[in-house]
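Q: Below is the file work.csv, which contains CSV, C-alpha atoms.
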```csv
chain,number,residue,atom,x,y,z
I,1402,MET,CA,95.5,106.3,74.8
I,1403,GLU,CA,91.8,106.8,75.6
I,1404,LEU,CA,90.6,105.3,78.9
I,1405,PRO,CA,87.7,102.8,78.7
I,1406,PRO,CA,84.5,104.4,80.2
I,1407,HIS,CA,84.3,101.9,83.1
I,1408,VAL,CA,87.9,102.7,84.1
I,1409,LEU,CA,87.3,106.4,83.8
I,1410,THR,CA,84.3,106.0,86.1
I,1411,LEU,CA,86.4,104.2,88.7
I,1412,LEU,CA,89.0,106.9,88.6
I,1413,ARG,CA,86.4,109.7,89.0
I,1414,ARG,CA,85.1,107.9,92.1
I,1415,SER,CA,88.5,107.6,93.7
I,1416,ASP,CA,89.7,109.8,96.5
I,1417,LEU,CA,92.5,111.1,94.4
I,1418,PHE,CA,90.4,112.3,91.4
I,1419,VAL,CA,86.8,112.7,92.8
I,1420,GLY,CA,86.8,116.5,92.8
I,1421,LEU,CA,88.6,117.1,89.5
I,1422,SER,CA,86.8,119.2,86.8
I,1423,ASP,CA,86.4,117.8,83.3
I,1424,ASP,CA,89.3,120.0,82.1
I,1425,GLN,CA,91.5,118.9,85.0
I,1426,MET,CA,90.7,115.3,84.4
I,1427,ARG,CA,91.6,115.5,80.7
I,1428,HIS,CA,94.9,117.2,81.7
I,1429,VAL,CA,95.8,114.5,84.2
I,1430,VAL,CA,95.0,111.5,82.0
I,1431,GLN,CA,96.4,113.0,78.8
I,1432,ASN,CA,99.5,110.7,78.8
I,1433,VAL,CA,98.0,107.7,80.6
I,1434,GLN,CA,99.6,104.3,79.8
I,1435,LEU,CA,98.2,100.8,80.1
I,1436,HIS,CA,100.6,98.1,81.5
I,1437,ARG,CA,99.9,94.4,81.2
I,1438,LEU,CA,102.2,92.3,83.4
I,1439,SER,CA,102.5,88.6,83.7
I,1440,GLU,CA,103.1,86.8,87.0
I,1441,GLY,CA,106.4,87.8,88.5
I,1442,GLU,CA,107.1,90.6,86.0
I,1443,LEU,CA,108.8,93.6,87.3
I,1444,LEU,CA,107.0,97.0,87.0
I,1445,PHE,CA,109.8,99.1,88.5
I,1446,ASP,CA,112.9,98.7,90.5
I,1447,ASN,CA,114.0,100.7,93.6
I,1448,ASN,CA,116.2,103.7,92.8
I,1449,GLN,CA,114.6,103.9,89.3
I,1450,GLN,CA,113.6,107.4,88.3
I,1451,ALA,CA,110.0,108.0,89.5
I,1452,GLU,CA,108.2,109.8,86.7
I,1453,ARG,CA,104.7,108.1,87.0
I,1454,PHE,CA,102.2,107.0,89.6
I,1455,PHE,CA,99.9,104.0,89.1
I,1456,PHE,CA,96.3,102.8,89.4
I,1457,LEU,CA,95.8,99.0,89.7
I,1458,HIS,CA,92.8,97.8,87.7
I,1459,ARG,CA,93.1,94.0,87.8
I,1460,GLY,CA,95.5,91.6,89.5
I,1461,GLN,CA,97.8,92.3,92.4
I,1462,ILE,CA,101.1,94.1,92.9
I,1463,LYS,CA,103.7,93.5,95.7
I,1464,LEU,CA,105.9,96.4,96.8
I,1465,TYR,CA,109.1,95.1,98.4
I,1466,ARG,CA,112.8,95.8,99.1
I,1467,ILE,CA,115.8,93.5,98.9
I,1468,SER,CA,118.1,93.5,101.9
I,1469,PRO,CA,121.9,93.5,101.5
I,1470,SER,CA,121.9,89.8,102.3
I,1471,GLY,CA,119.4,89.2,99.4
I,1472,GLN,CA,116.3,88.6,101.5
I,1473,GLU,CA,113.0,90.0,100.2
I,1474,LYS,CA,110.9,92.1,102.6
I,1475,ILE,CA,107.3,92.7,101.6
I,1476,ILE,CA,106.2,96.3,102.2
I,1477,GLU,CA,102.7,96.2,100.9
I,1478,PHE,CA,100.2,94.3,98.7
I,1479,VAL,CA,98.4,96.6,96.3
I,1480,LYS,CA,94.8,95.6,95.5
I,1481,PRO,CA,92.5,96.5,92.5
I,1482,GLY,CA,91.1,100.0,92.8
I,1483,GLU,CA,94.2,101.4,94.7
I,1484,PHE,CA,96.8,104.0,93.7
I,1485,PHE,CA,100.4,103.6,94.5
I,1486,ALA,CA,103.7,105.5,94.1
I,1487,VAL,CA,101.8,108.8,94.5
I,1488,ALA,CA,103.8,110.2,97.5
I,1489,VAL,CA,107.1,109.7,95.6
I,1490,MET,CA,106.3,112.7,93.3
I,1491,PHE,CA,106.6,115.0,96.3
I,1492,MET,CA,110.0,113.7,97.5
I,1493,GLU,CA,113.1,115.7,96.9
I,1494,ARG,CA,114.8,112.7,95.5
I,1495,THR,CA,112.3,111.4,93.0
I,1496,TYR,CA,113.3,107.7,92.8
I,1497,TYR,CA,111.1,104.8,93.7
I,1498,PRO,CA,112.2,103.6,97.2
I,1499,VAL,CA,110.9,100.0,96.6
I,1500,CYS,CA,110.5,97.5,93.8
I,1501,ALA,CA,107.1,96.6,92.4
I,1502,SER,CA,106.2,93.3,90.6
I,1503,ALA,CA,103.0,91.4,89.7
I,1504,LEU,CA,101.8,88.5,91.8
I,1505,MET,CA,99.5,87.4,89.0
I,1506,SER,CA,98.4,88.5,85.6
I,1507,THR,CA,97.9,92.2,86.2
I,1508,HIS,CA,96.5,95.3,84.3
I,1509,LEU,CA,97.2,98.8,85.6
I,1510,TYR,CA,97.4,102.3,84.4
I,1511,SER,CA,100.2,104.9,84.9
I,1512,PHE,CA,99.9,108.7,84.9
I,1513,ASP,CA,102.6,111.3,84.3
I,1514,ASN,CA,103.5,113.1,87.5
I,1515,ARG,CA,103.9,116.5,85.9
I,1516,PRO,CA,100.3,117.2,84.8
I,1517,PHE,CA,99.0,116.0,88.2
I,1518,ILE,CA,101.4,118.3,90.1
I,1519,THR,CA,100.3,121.2,87.9
I,1520,THR,CA,96.7,120.4,88.8
I,1521,LEU,CA,97.5,120.4,92.5
I,1522,ARG,CA,99.2,123.8,92.2
I,1523,GLU,CA,96.0,125.2,90.6
I,1524,SER,CA,93.5,123.5,92.9
I,1525,PRO,CA,94.0,123.8,96.7
I,1526,GLU,CA,90.9,121.5,97.2
I,1527,THR,CA,92.6,118.7,95.2
I,1528,CYS,CA,95.8,119.3,97.0
I,1529,PHE,CA,94.1,118.9,100.4
I,1530,ARG,CA,92.4,115.7,99.3
I,1531,VAL,CA,95.8,114.2,98.3
I,1532,MET,CA,97.2,115.3,101.7
I,1533,ALA,CA,94.3,113.6,103.4
I,1534,GLU,CA,94.9,110.4,101.5
I,1535,MET,CA,98.6,110.3,102.3
I,1536,SER,CA,97.9,111.1,105.9
I,1537,LYS,CA,95.5,108.1,106.1
I,1538,ARG,CA,98.2,105.8,104.6
I,1539,LEU,CA,100.7,107.2,107.1
I,1540,ARG,CA,98.4,106.4,110.0
I,1541,CYS,CA,98.0,102.9,108.7
I,1542,GLN,CA,101.8,102.5,108.3
I,1543,VAL,CA,102.4,103.8,111.9
I,1544,GLY,CA,99.9,101.2,113.1
I,1545,GLU,CA,101.7,98.5,111.2
I,1546,ILE,CA,105.0,99.6,112.7
I,1547,ASP,CA,103.5,99.4,116.2
I,1548,SER,CA,102.1,95.9,115.4
I,1549,LEU,CA,105.5,94.7,114.1
I,1550,SER,CA,107.4,96.1,117.1
I,1551,LEU,CA,104.9,95.5,120.0
I,1552,GLN,CA,103.0,92.3,119.0
I,1553,SER,CA,104.1,88.7,119.1
I,1554,ALA,CA,104.3,86.7,115.8
I,1555,ARG,CA,101.1,84.9,116.9
I,1556,SER,CA,99.3,88.2,117.5
I,1557,ARG,CA,100.4,89.6,114.2
I,1558,LEU,CA,99.0,86.5,112.4
I,1559,VAL,CA,95.7,86.7,114.3
I,1560,ASP,CA,95.4,90.4,113.6
I,1561,TYR,CA,96.0,89.7,109.9
I,1562,LEU,CA,93.2,87.0,109.8
I,1563,LEU,CA,90.8,89.4,111.5
I,1564,GLN,CA,91.6,92.1,109.0
I,1565,GLN,CA,90.9,89.8,106.1
I,1566,ILE,CA,87.5,88.9,107.5
I,1567,ALA,CA,86.8,92.6,108.1
I,1568,ALA,CA,87.9,93.5,104.5
I,1569,SER,CA,85.6,90.8,102.9
I,1570,LYS,CA,82.9,92.3,100.7
I,1571,VAL,CA,80.5,89.6,101.8
I,1572,VAL,CA,78.7,90.6,105.0
I,1573,GLY,CA,78.8,88.0,107.7
I,1574,THR,CA,81.4,85.8,105.9
I,1575,THR,CA,83.8,83.8,108.0
I,1576,SER,CA,86.0,82.5,105.2
I,1577,PHE,CA,88.4,84.0,102.8
I,1578,SER,CA,91.2,83.1,100.4
I,1579,LEU,CA,94.7,84.2,101.2
I,1580,SER,CA,95.6,87.2,99.0
I,1581,ALA,CA,99.1,86.0,98.3
I,1582,PRO,CA,101.4,82.9,98.8
I,1583,LYS,CA,102.0,82.1,102.4
I,1584,LYS,CA,105.7,82.9,102.3
I,1585,LEU,CA,104.9,86.4,101.0
I,1586,ILE,CA,102.3,87.0,103.7
I,1587,ALA,CA,104.9,85.8,106.3
I,1588,SER,CA,107.4,88.3,104.9
I,1589,ARG,CA,104.7,91.1,105.1
I,1590,LEU,CA,104.2,90.2,108.8
I,1591,SER,CA,107.9,89.8,109.5
I,1592,ILE,CA,107.4,86.1,110.4
I,1593,GLN,CA,109.6,83.3,109.2
I,1594,PRO,CA,107.7,81.0,106.7
I,1595,GLU,CA,108.1,77.9,108.9
I,1596,THR,CA,106.9,79.9,111.9
I,1597,PHE,CA,103.9,81.2,109.9
I,1598,SER,CA,102.9,77.6,109.0
I,1599,ARG,CA,103.4,76.4,112.6
I,1600,LEU,CA,101.2,79.2,114.0
I,1601,LEU,CA,98.5,78.5,111.4
I,1602,ASN,CA,98.6,74.8,112.3
I,1603,GLY,CA,98.4,75.8,116.0
I,1604,LEU,CA,95.3,77.9,115.5
I,1605,GLN,CA,93.7,75.0,113.5
I,1606,GLN,CA,94.5,72.5,116.3
I,1607,GLU,CA,92.8,74.8,118.8
I,1608,GLY,CA,89.7,74.6,116.6
I,1609,LEU,CA,89.7,78.3,115.8
I,1610,ILE,CA,90.2,78.0,112.1
I,1611,THR,CA,90.4,75.4,109.3
I,1612,VAL,CA,93.1,75.7,106.6
I,1613,ASP,CA,92.4,74.2,103.2
I,1614,LYS,CA,95.3,75.2,100.9
I,1615,ASN,CA,94.8,78.9,100.5
I,1616,MET,CA,91.3,79.0,102.0
I,1617,ILE,CA,90.9,80.0,105.7
I,1618,LEU,CA,87.6,79.3,107.5
I,1619,VAL,CA,87.2,81.1,110.9
I,1620,HIS,CA,84.9,79.1,113.2
I,1621,ASP,CA,84.5,81.7,115.9
I,1622,ILE,CA,85.5,85.3,115.2
I,1623,GLN,CA,85.1,86.4,118.9
I,1624,ALA,CA,87.2,83.5,120.1
I,1625,LEU,CA,89.9,84.6,117.6
I,1626,ARG,CA,89.7,88.1,119.0
I,1627,ASN,CA,90.0,86.8,122.5
I,1628,CYS,CA,93.0,84.9,121.3
I,1629,LEU,CA,94.6,88.2,120.2
I,1630,GLU,CA,93.9,89.7,123.6
I,1631,VAL,CA,95.5,86.8,125.4
I,1632,SER,CA,98.5,86.9,123.1
I,1633,GLU,CA,99.1,90.6,123.8
```
Would you kindly transcribe this structure into structure tokens?
A:
Amino acid sequence: MELPPHVLTLLRRSDLFVGLSDDQMRHVVQNVQLHRLSEGELLFDNNQQAERFFFLHRGQIKLYRISPSGQEKIIEFVKPGEFFAVAVMFMERTYYPVCASALMSTHLYSFDNRPFITTLRESPETCFRVMAEMSKRLRCQVGEIDSLSLQSARSRLVDYLLQQIAASKVVGTTSFSLSAPKKLIASRLSIQPETFSRLLNGLQQEGLITVDKNMILVHDIQALRNCLEVSE
């Protein structure tokens, strides 16, 4: 299929594709596929053969694993403009290590791994950019592991709220909408759903935040930061 011009522009600006020549770009996107998923629809299962990587255009994807006991553990929420399943193509065993499904109506594009690997072999510059991108993600994941192992549940929740404020595209904003259902965010933070709700209510009773369904209003960002410091 032929990519819409605005999607092609987004891809060309991405860290993964920014330095590709026109010929390289045509080679990488030659077998691109559009996927339209409804809420809850599975994109791929863990241990499924990993032959493609993905770019999320609209909607939201959750990456997760199912424990032997049947409990779902959220690994990551993928947002529009992000790639995922890129690192899998470099693994010796090329199977997806997680499941991926849509949290809402979602549009995304997938790319065949083989042309991209060929491009990396031919272009050391592109190869180094991919390594830098994967290193950045690895640093984030190490930070998350530290958070999960060293911080209390309250600290993890406060840290999450501060990250959502920092990630807002509106400068100076103190409110945001939760990006996923509360039970999924709780899973992402390794907090039991009932504990997550209790901690949110506690922060609200302290006057630090107001919770209105999925909207969070932070009354004093510095006080919330101080709360994080005290929790640690």
Q: Go ahead and compute the interatomic distance for CA of Gln1606 in chain I and CA of Ser1591 in chain I, in Å to one decimal.
A: 22.9 Å
Q: With distances taken over only C-alpha atoms, which of I:Phe1517, I:Phe1445, I:Tyr1497, I:Tyr1465 is nearest to Gln1425 in chain I?
A: I:Phe1517
Q: So which residues are close to (94.8, 87.5, 114.0), meaning at most 12 Å away in the file's coordinates with all atoms listed in the file counted, and can you show them as a ChimeraX atom specification?
A: /I:1548,1552-1567,1590,1597,1600-1601,1604,1609-1610,1617,1619,1621-1633
Q: I'd like the interatomic distance between CA of Val1419 in chain I and CA of His1508 in chain I, to a tenth of an Å.
A: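 CA of Val1419 in chain I sits 21.7 Å away from CA of His1508 in chain I.
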Q: Which of these residues is nearest to Phe1478 in chain I, using all atoms listed in the file: I:Arg1589, I:Lys1584, I:Arg1437, I:His1620?
A: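 For Phe1478 in chain I, the nearest of the given residues is I:Arg1589.
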Q: Starting from the incomplete input, reconstruct N, CA, C and O atoms of range 1587-1610 of chain I and write that as a PDB file, in the coordinates of the input.
A:
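Below is the file that was written, out13.pdb:
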```pdb
ATOM      1  N   ALA I1587     103.928  85.872 105.123  1.00  0.00           N
ATOM      2  CA  ALA I1587     104.900  85.800 106.300  1.00  0.00           C
ATOM      3  C   ALA I1587     105.864  86.893 106.232  1.00  0.00           C
ATOM      4  O   ALA I1587     106.150  87.525 107.262  1.00  0.00           O
ATOM      5  N   SER I1588     106.401  87.200 105.049  1.00  0.00           N
ATOM      6  CA  SER I1588     107.400  88.300 104.900  1.00  0.00           C
ATOM      7  C   SER I1588     106.702  89.622 105.286  1.00  0.00           C
ATOM      8  O   SER I1588     107.304  90.460 105.965  1.00  0.00           O
ATOM      9  N   ARG I1589     105.469  89.812 104.837  1.00  0.00           N
ATOM     10  CA  ARG I1589     104.700  91.100 105.100  1.00  0.00           C
ATOM     11  C   ARG I1589     104.565  91.229 106.640  1.00  0.00           C
ATOM     12  O   ARG I1589     104.594  92.352 107.156  1.00  0.00           O
ATOM     13  N   LEU I1590     104.392  90.114 107.369  1.00  0.00           N
ATOM     14  CA  LEU I1590     104.200  90.200 108.800  1.00  0.00           C
ATOM     15  C   LEU I1590     105.466  90.018 109.607  1.00  0.00           C
ATOM     16  O   LEU I1590     105.427  89.945 110.838  1.00  0.00           O
ATOM     17  N   SER I1591     106.588  89.964 108.902  1.00  0.00           N
ATOM     18  CA  SER I1591     107.900  89.800 109.500  1.00  0.00           C
ATOM     19  C   SER I1591     107.934  88.489 110.366  1.00  0.00           C
ATOM     20  O   SER I1591     108.378  88.474 111.518  1.00  0.00           O
ATOM     21  N   ILE I1592     107.448  87.420 109.766  1.00  0.00           N
ATOM     22  CA  ILE I1592     107.400  86.100 110.400  1.00  0.00           C
ATOM     23  C   ILE I1592     108.167  85.138 109.440  1.00  0.00           C
ATOM     24  O   ILE I1592     107.956  85.185 108.226  1.00  0.00           O
ATOM     25  N   GLN I1593     108.990  84.285 109.980  1.00  0.00           N
ATOM     26  CA  GLN I1593     109.600  83.300 109.200  1.00  0.00           C
ATOM     27  C   GLN I1593     108.586  82.324 108.580  1.00  0.00           C
ATOM     28  O   GLN I1593     107.602  82.007 109.255  1.00  0.00           O
ATOM     29  N   PRO I1594     108.739  81.876 107.334  1.00  0.00           N
ATOM     30  CA  PRO I1594     107.700  81.000 106.700  1.00  0.00           C
ATOM     31  C   PRO I1594     107.383  79.782 107.529  1.00  0.00           C
ATOM     32  O   PRO I1594     106.204  79.399 107.643  1.00  0.00           O
ATOM     33  N   GLU I1595     108.395  79.141 108.110  1.00  0.00           N
ATOM     34  CA  GLU I1595     108.100  77.900 108.900  1.00  0.00           C
ATOM     35  C   GLU I1595     107.348  78.278 110.185  1.00  0.00           C
ATOM     36  O   GLU I1595     106.479  77.515 110.632  1.00  0.00           O
ATOM     37  N   THR I1596     107.641  79.459 110.766  1.00  0.00           N
ATOM     38  CA  THR I1596     106.900  79.900 111.900  1.00  0.00           C
ATOM     39  C   THR I1596     105.450  80.226 111.573  1.00  0.00           C
ATOM     40  O   THR I1596     104.510  79.914 112.326  1.00  0.00           O
ATOM     41  N   PHE I1597     105.262  80.856 110.408  1.00  0.00           N
ATOM     42  CA  PHE I1597     103.900  81.200 109.900  1.00  0.00           C
ATOM     43  C   PHE I1597     103.084  79.903 109.792  1.00  0.00           C
ATOM     44  O   PHE I1597     101.937  79.853 110.260  1.00  0.00           O
ATOM     45  N   SER I1598     103.656  78.863 109.166  1.00  0.00           N
ATOM     46  CA  SER I1598     102.900  77.600 109.000  1.00  0.00           C
ATOM     47  C   SER I1598     102.641  76.954 110.344  1.00  0.00           C
ATOM     48  O   SER I1598     101.545  76.422 110.560  1.00  0.00           O
ATOM     49  N   ARG I1599     103.608  77.006 111.260  1.00  0.00           N
ATOM     50  CA  ARG I1599     103.400  76.400 112.600  1.00  0.00           C
ATOM     51  C   ARG I1599     102.295  77.124 113.345  1.00  0.00           C
ATOM     52  O   ARG I1599     101.459  76.477 113.997  1.00  0.00           O
ATOM     53  N   LEU I1600     102.250  78.448 113.255  1.00  0.00           N
ATOM     54  CA  LEU I1600     101.200  79.200 114.000  1.00  0.00           C
ATOM     55  C   LEU I1600      99.830  78.924 113.362  1.00  0.00           C
ATOM     56  O   LEU I1600      98.838  78.800 114.097  1.00  0.00           O
ATOM     57  N   LEU I1601      99.750  78.843 112.015  1.00  0.00           N
ATOM     58  CA  LEU I1601      98.500  78.500 111.400  1.00  0.00           C
ATOM     59  C   LEU I1601      98.009  77.128 111.845  1.00  0.00           C
ATOM     60  O   LEU I1601      96.825  76.936 112.176  1.00  0.00           O
ATOM     61  N   ASN I1602      98.923  76.167 111.877  1.00  0.00           N
ATOM     62  CA  ASN I1602      98.600  74.800 112.300  1.00  0.00           C
ATOM     63  C   ASN I1602      98.120  74.822 113.780  1.00  0.00           C
ATOM     64  O   ASN I1602      97.188  74.096 114.159  1.00  0.00           O
ATOM     65  N   GLY I1603      98.774  75.660 114.601  1.00  0.00           N
ATOM     66  CA  GLY I1603      98.400  75.800 116.000  1.00  0.00           C
ATOM     67  C   GLY I1603      96.970  76.277 116.171  1.00  0.00           C
ATOM     68  O   GLY I1603      96.182  75.738 116.970  1.00  0.00           O
ATOM     69  N   LEU I1604      96.612  77.318 115.406  1.00  0.00           N
ATOM     70  CA  LEU I1604      95.300  77.900 115.500  1.00  0.00           C
ATOM     71  C   LEU I1604      94.231  76.834 114.992  1.00  0.00           C
ATOM     72  O   LEU I1604      93.102  76.754 115.514  1.00  0.00           O
ATOM     73  N   GLN I1605      94.633  76.031 114.009  1.00  0.00           N
ATOM     74  CA  GLN I1605      93.700  75.000 113.500  1.00  0.00           C
ATOM     75  C   GLN I1605      93.549  73.889 114.547  1.00  0.00           C
ATOM     76  O   GLN I1605      92.422  73.417 114.768  1.00  0.00           O
ATOM     77  N   GLN I1606      94.611  73.502 115.227  1.00  0.00           N
ATOM     78  CA  GLN I1606      94.500  72.500 116.300  1.00  0.00           C
ATOM     79  C   GLN I1606      93.673  72.933 117.439  1.00  0.00           C
ATOM     80  O   GLN I1606      93.028  72.126 118.116  1.00  0.00           O
ATOM     81  N   GLU I1607      93.663  74.225 117.681  1.00  0.00           N
ATOM     82  CA  GLU I1607      92.800  74.800 118.800  1.00  0.00           C
ATOM     83  C   GLU I1607      91.363  74.877 118.351  1.00  0.00           C
ATOM     84  O   GLU I1607      90.511  75.258 119.159  1.00  0.00           O
ATOM     85  N   GLY I1608      91.066  74.582 117.075  1.00  0.00           N
ATOM     86  CA  GLY I1608      89.700  74.600 116.600  1.00  0.00           C
ATOM     87  C   GLY I1608      89.191  76.000 116.239  1.00  0.00           C
ATOM     88  O   GLY I1608      87.988  76.206 116.031  1.00  0.00           O
ATOM     89  N   LEU I1609      90.114  76.973 116.135  1.00  0.00           N
ATOM     90  CA  LEU I1609      89.700  78.300 115.800  1.00  0.00           C
ATOM     91  C   LEU I1609      89.524  78.544 114.322  1.00  0.00           C
ATOM     92  O   LEU I1609      88.678  79.339 113.894  1.00  0.00           O
ATOM     93  N   ILE I1610      90.321  77.852 113.521  1.00  0.00           N
ATOM     94  CA  ILE I1610      90.200  78.000 112.100  1.00  0.00           C
ATOM     95  C   ILE I1610      90.408  76.637 111.405  1.00  0.00           C
ATOM     96  O   ILE I1610      90.841  75.670 112.042  1.00  0.00           O
TER      97      ILE I1610
END
```
